[in-house]
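Source file: model_8.pdb. Holds: PDB, C-alpha atoms.
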```pdb
MODEL        1
ATOM      1  CA  MET M 153     -34.668  75.984  48.516
ATOM      2  CA  PRO M 154     -37.488  75.323  46.028
ATOM      3  CA  THR M 155     -40.272  72.957  46.999
ATOM      4  CA  ILE M 156     -40.974  70.563  44.137
ATOM      5  CA  CYS M 157     -43.675  68.437  45.788
ATOM      6  CA  ALA M 158     -45.718  68.055  48.962
ATOM      7  CA  PHE M 159     -47.941  65.171  50.087
ATOM      8  CA  PHE M 160     -49.180  63.682  53.381
ATOM      9  CA  GLY M 161     -47.234  66.281  55.374
ATOM     10  CA  ILE M 162     -43.992  65.489  53.504
ATOM     11  CA  VAL M 163     -42.216  68.294  51.645
ATOM     12  CA  ILE M 164     -39.708  67.509  48.881
ATOM     13  CA  ARG M 165     -37.114  70.148  48.041
ATOM     14  CA  MET M 166     -33.928  70.629  46.039
ATOM     15  CA  TYR M 167     -31.197  73.163  46.584
ATOM     16  CA  TYR M 168     -29.366  75.034  43.866
ATOM     17  CA  ASP M 169     -25.566  74.623  43.859
ATOM     18  CA  GLU M 170     -25.659  71.259  45.644
ATOM     19  CA  HIS M 171     -22.838  68.760  45.662
ATOM     20  CA  ALA M 172     -22.906  65.415  43.852
ATOM     21  CA  PRO M 173     -24.306  62.785  43.848
ATOM     22  CA  PRO M 174     -27.746  63.973  42.668
ATOM     23  CA  HIS M 175     -30.148  63.984  45.615
ATOM     24  CA  PHE M 176     -33.193  65.630  47.143
ATOM     25  CA  HIS M 177     -34.278  66.665  50.627
ATOM     26  CA  ALA M 178     -37.476  65.347  52.222
ATOM     27  CA  MET M 179     -38.895  66.953  55.348
ATOM     28  CA  TYR M 180     -41.552  65.552  57.641
ATOM     29  CA  ASN M 181     -42.460  67.508  60.765
ATOM     30  CA  ASN M 182     -39.072  68.487  62.231
ATOM     31  CA  ASP M 183     -37.174  65.615  60.599
ATOM     32  CA  GLU M 184     -35.252  65.578  57.332
ATOM     33  CA  VAL M 185     -33.576  63.019  55.097
ATOM     34  CA  ILE M 186     -31.339  63.426  52.073
ATOM     35  CA  ILE M 187     -31.881  60.726  49.453
ATOM     36  CA  GLU M 188     -29.788  59.902  46.381
ATOM     37  CA  ILE M 189     -31.873  59.937  43.228
ATOM     38  CA  GLU M 190     -30.158  57.081  41.398
ATOM     39  CA  THR M 191     -30.053  54.554  44.236
ATOM     40  CA  LEU M 192     -32.794  55.906  46.553
ATOM     41  CA  LYS M 193     -30.289  55.425  49.352
ATOM     42  CA  VAL M 194     -30.593  57.632  52.437
ATOM     43  CA  ARG M 195     -27.405  59.704  52.597
ATOM     44  CA  SER M 196     -28.190  61.351  55.904
ATOM     45  CA  GLY M 197     -30.967  62.193  58.306
ATOM     46  CA  ASN M 198     -33.930  60.331  59.645
ATOM     47  CA  VAL M 199     -37.720  60.409  59.359
ATOM     48  CA  PRO M 200     -40.313  57.992  60.748
ATOM     49  CA  ARG M 201     -40.400  54.639  58.959
ATOM     50  CA  ARG M 202     -43.852  55.190  57.399
ATOM     51  CA  ALA M 203     -42.858  58.615  56.051
ATOM     52  CA  LEU M 204     -39.671  57.142  54.580
ATOM     53  CA  ALA M 205     -41.657  54.390  52.852
ATOM     54  CA  LEU M 206     -43.923  57.022  51.262
ATOM     55  CA  ILE M 207     -40.953  59.141  50.190
ATOM     56  CA  LEU M 208     -39.220  56.179  48.584
ATOM     57  CA  GLU M 209     -42.413  55.059  46.826
ATOM     58  CA  TRP M 210     -42.869  58.561  45.430
ATOM     59  CA  ALA M 211     -39.203  58.882  44.396
ATOM     60  CA  ALA M 212     -39.189  55.521  42.616
ATOM     61  CA  ALA M 213     -42.177  56.624  40.548
ATOM     62  CA  HIS M 214     -40.637  60.018  39.708
ATOM     63  CA  ARG M 215     -36.927  59.320  39.351
ATOM     64  CA  ARG M 216     -36.832  60.747  35.804
ATOM     65  CA  GLU M 217     -38.442  64.019  36.907
ATOM     66  CA  LEU M 218     -36.090  64.244  39.894
ATOM     67  CA  THR M 219     -33.095  63.797  37.596
ATOM     68  CA  ARG M 220     -34.422  66.499  35.262
ATOM     69  CA  ASN M 221     -34.885  68.887  38.195
ATOM     70  CA  TRP M 222     -31.361  68.133  39.422
ATOM     71  CA  LYS M 223     -30.017  69.180  36.015
ATOM     72  CA  LEU M 224     -32.166  72.325  36.024
ATOM     73  CA  ALA M 225     -30.919  73.240  39.506
ATOM     74  CA  ARG M 226     -27.305  72.834  38.388
ATOM     75  CA  GLU M 227     -28.058  75.284  35.538
ATOM     76  CA  HIS M 228     -29.808  77.713  37.938
ATOM     77  CA  LYS M 229     -33.083  77.326  36.063
ATOM     78  CA  PRO M 230     -36.535  77.122  37.645
ATOM     79  CA  LEU M 231     -37.440  73.665  38.916
ATOM     80  CA  ARG M 232     -40.614  71.888  37.841
ATOM     81  CA  ALA M 233     -43.279  70.687  40.240
ATOM     82  CA  ILE M 234     -43.665  66.927  40.441
ATOM     83  CA  LYS M 235     -47.014  65.210  40.973
ATOM     84  CA  PRO M 236     -47.579  64.158  44.585
ATOM     85  CA  LEU M 237     -48.235  60.663  45.845
ATOM     86  CA  GLU M 238     -51.975  60.022  46.056
TER      87      GLU M 238
ENDMDL
END
```

Give the structure from this file in structure tokens form.
Amino acid sequence: MPTICAFFGIVIRMYYDEHAPPHFHAMYNNDEVIIEIETLKVRSGNVPRRALALILEWAAAHRRELTRNWKLAREHKPLRAIKPLE
């Protein structure tokens, strides 16, 4: 599963051959959430509240790049790194 971004101990990844709707995985310590790109809704999982706030802030700022990476993953093409939250 390619890592597309990492910041503040949070790792953002996308799988190839994933099911719809478009989403990404965010890991923090031993916790993981799956978040829909379009709505930024948590589909499953749980991370601490502060980590989730950072993930959602980052995703809102990079929704276009996340969508582009989703399309690349569906085509089995290399994913592009996305700038981390600063």

With all atoms listed in the file as the counted atoms, please give the residues lying no more than 8 Å from Tyr167 of chain M, apart from itself and same-chain residues fewer than 3 positions off, as a ChimeraX atom specification.
/M:153-154,170,176,225

Using all atoms listed in the file, I'd like a table of the residues in segment 164-188 of chain M that come within 12 Å of segment 208-219 of chain M; for each, show the closest atom pair and its distance in Å rounded to one decimal, ordered by chain and ascending number, as a Markdown table.
```
| residue | atom | partner | partner_atom | distance |
| --- | --- | --- | --- | --- |
| M:Ile164 | CA | M:Ala211 | CA | 9.7 |
| M:Arg165 | CA | M:Leu218 | CA | 10.1 |
| M:Met166 | CA | M:Leu218 | CA | 9.1 |
| M:Pro173 | CA | M:Thr219 | CA | 10.8 |
| M:Pro174 | CA | M:Thr219 | CA | 7.4 |
| M:His175 | CA | M:Leu218 | CA | 8.3 |
| M:Phe176 | CA | M:Leu218 | CA | 7.9 |
| M:His177 | CA | M:Ala211 | CA | 11.1 |
| M:Ala178 | CA | M:Leu208 | CA | 10.0 |
| M:Val185 | CA | M:Leu208 | CA | 11.0 |
| M:Ile186 | CA | M:Leu208 | CA | 11.3 |
| M:Ile187 | CA | M:Leu208 | CA | 8.7 |
| M:Glu188 | CA | M:Ala211 | CA | 9.7 |
```

Selection above as a file: C-alpha atoms, as a PDB file, keeping the file's coordinate frame:
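Full text of selection21.pdb as output:
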```pdb
ATOM      1  CA  ILE M 164     -39.708  67.509  48.881  1.00  0.00           C
ATOM      2  CA  ARG M 165     -37.114  70.148  48.041  1.00  0.00           C
ATOM      3  CA  MET M 166     -33.928  70.629  46.039  1.00  0.00           C
ATOM      4  CA  PRO M 173     -24.306  62.785  43.848  1.00  0.00           C
ATOM      5  CA  PRO M 174     -27.746  63.973  42.668  1.00  0.00           C
ATOM      6  CA  HIS M 175     -30.148  63.984  45.615  1.00  0.00           C
ATOM      7  CA  PHE M 176     -33.193  65.630  47.143  1.00  0.00           C
ATOM      8  CA  HIS M 177     -34.278  66.665  50.627  1.00  0.00           C
ATOM      9  CA  ALA M 178     -37.476  65.347  52.222  1.00  0.00           C
ATOM     10  CA  VAL M 185     -33.576  63.019  55.097  1.00  0.00           C
ATOM     11  CA  ILE M 186     -31.339  63.426  52.073  1.00  0.00           C
ATOM     12  CA  ILE M 187     -31.881  60.726  49.453  1.00  0.00           C
ATOM     13  CA  GLU M 188     -29.788  59.902  46.381  1.00  0.00           C
TER      14      GLU M 188
END
```

Can you work out the spacing between atom CA of Leu204 of chain M and atom CA of Asn181 of chain M in Å, to one decimal?
12.4 Å

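Checking M:Tyr180, M:Pro236, M:Val163, M:Ile156 one by one against Arg201 of chain M, counting only C-alpha atoms, you find the shortest gap at M:Tyr180.
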
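What separates atom CA of Tyr168 of chain M from atom CA of Ser196 of chain M is a distance of 18.3 Å.
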
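When only C-alpha atoms are used to compute distances to Lys229 of chain M, the closest of the residues M:Gly161, M:Asp169, M:Ala203, M:Glu184 turns out to be M:Asp169.
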
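The nearest approach to Arg226 of chain M among the residues M:Ala205, M:Leu192, M:Cys157, M:Ala172, with all atoms listed in the file taken into account, belongs to M:Ala172.
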
Expressed in Å to a single decimal, how great is the separation between atom CA of Phe159 of chain M and atom CA of Lys235 of chain M?
9.2 Å
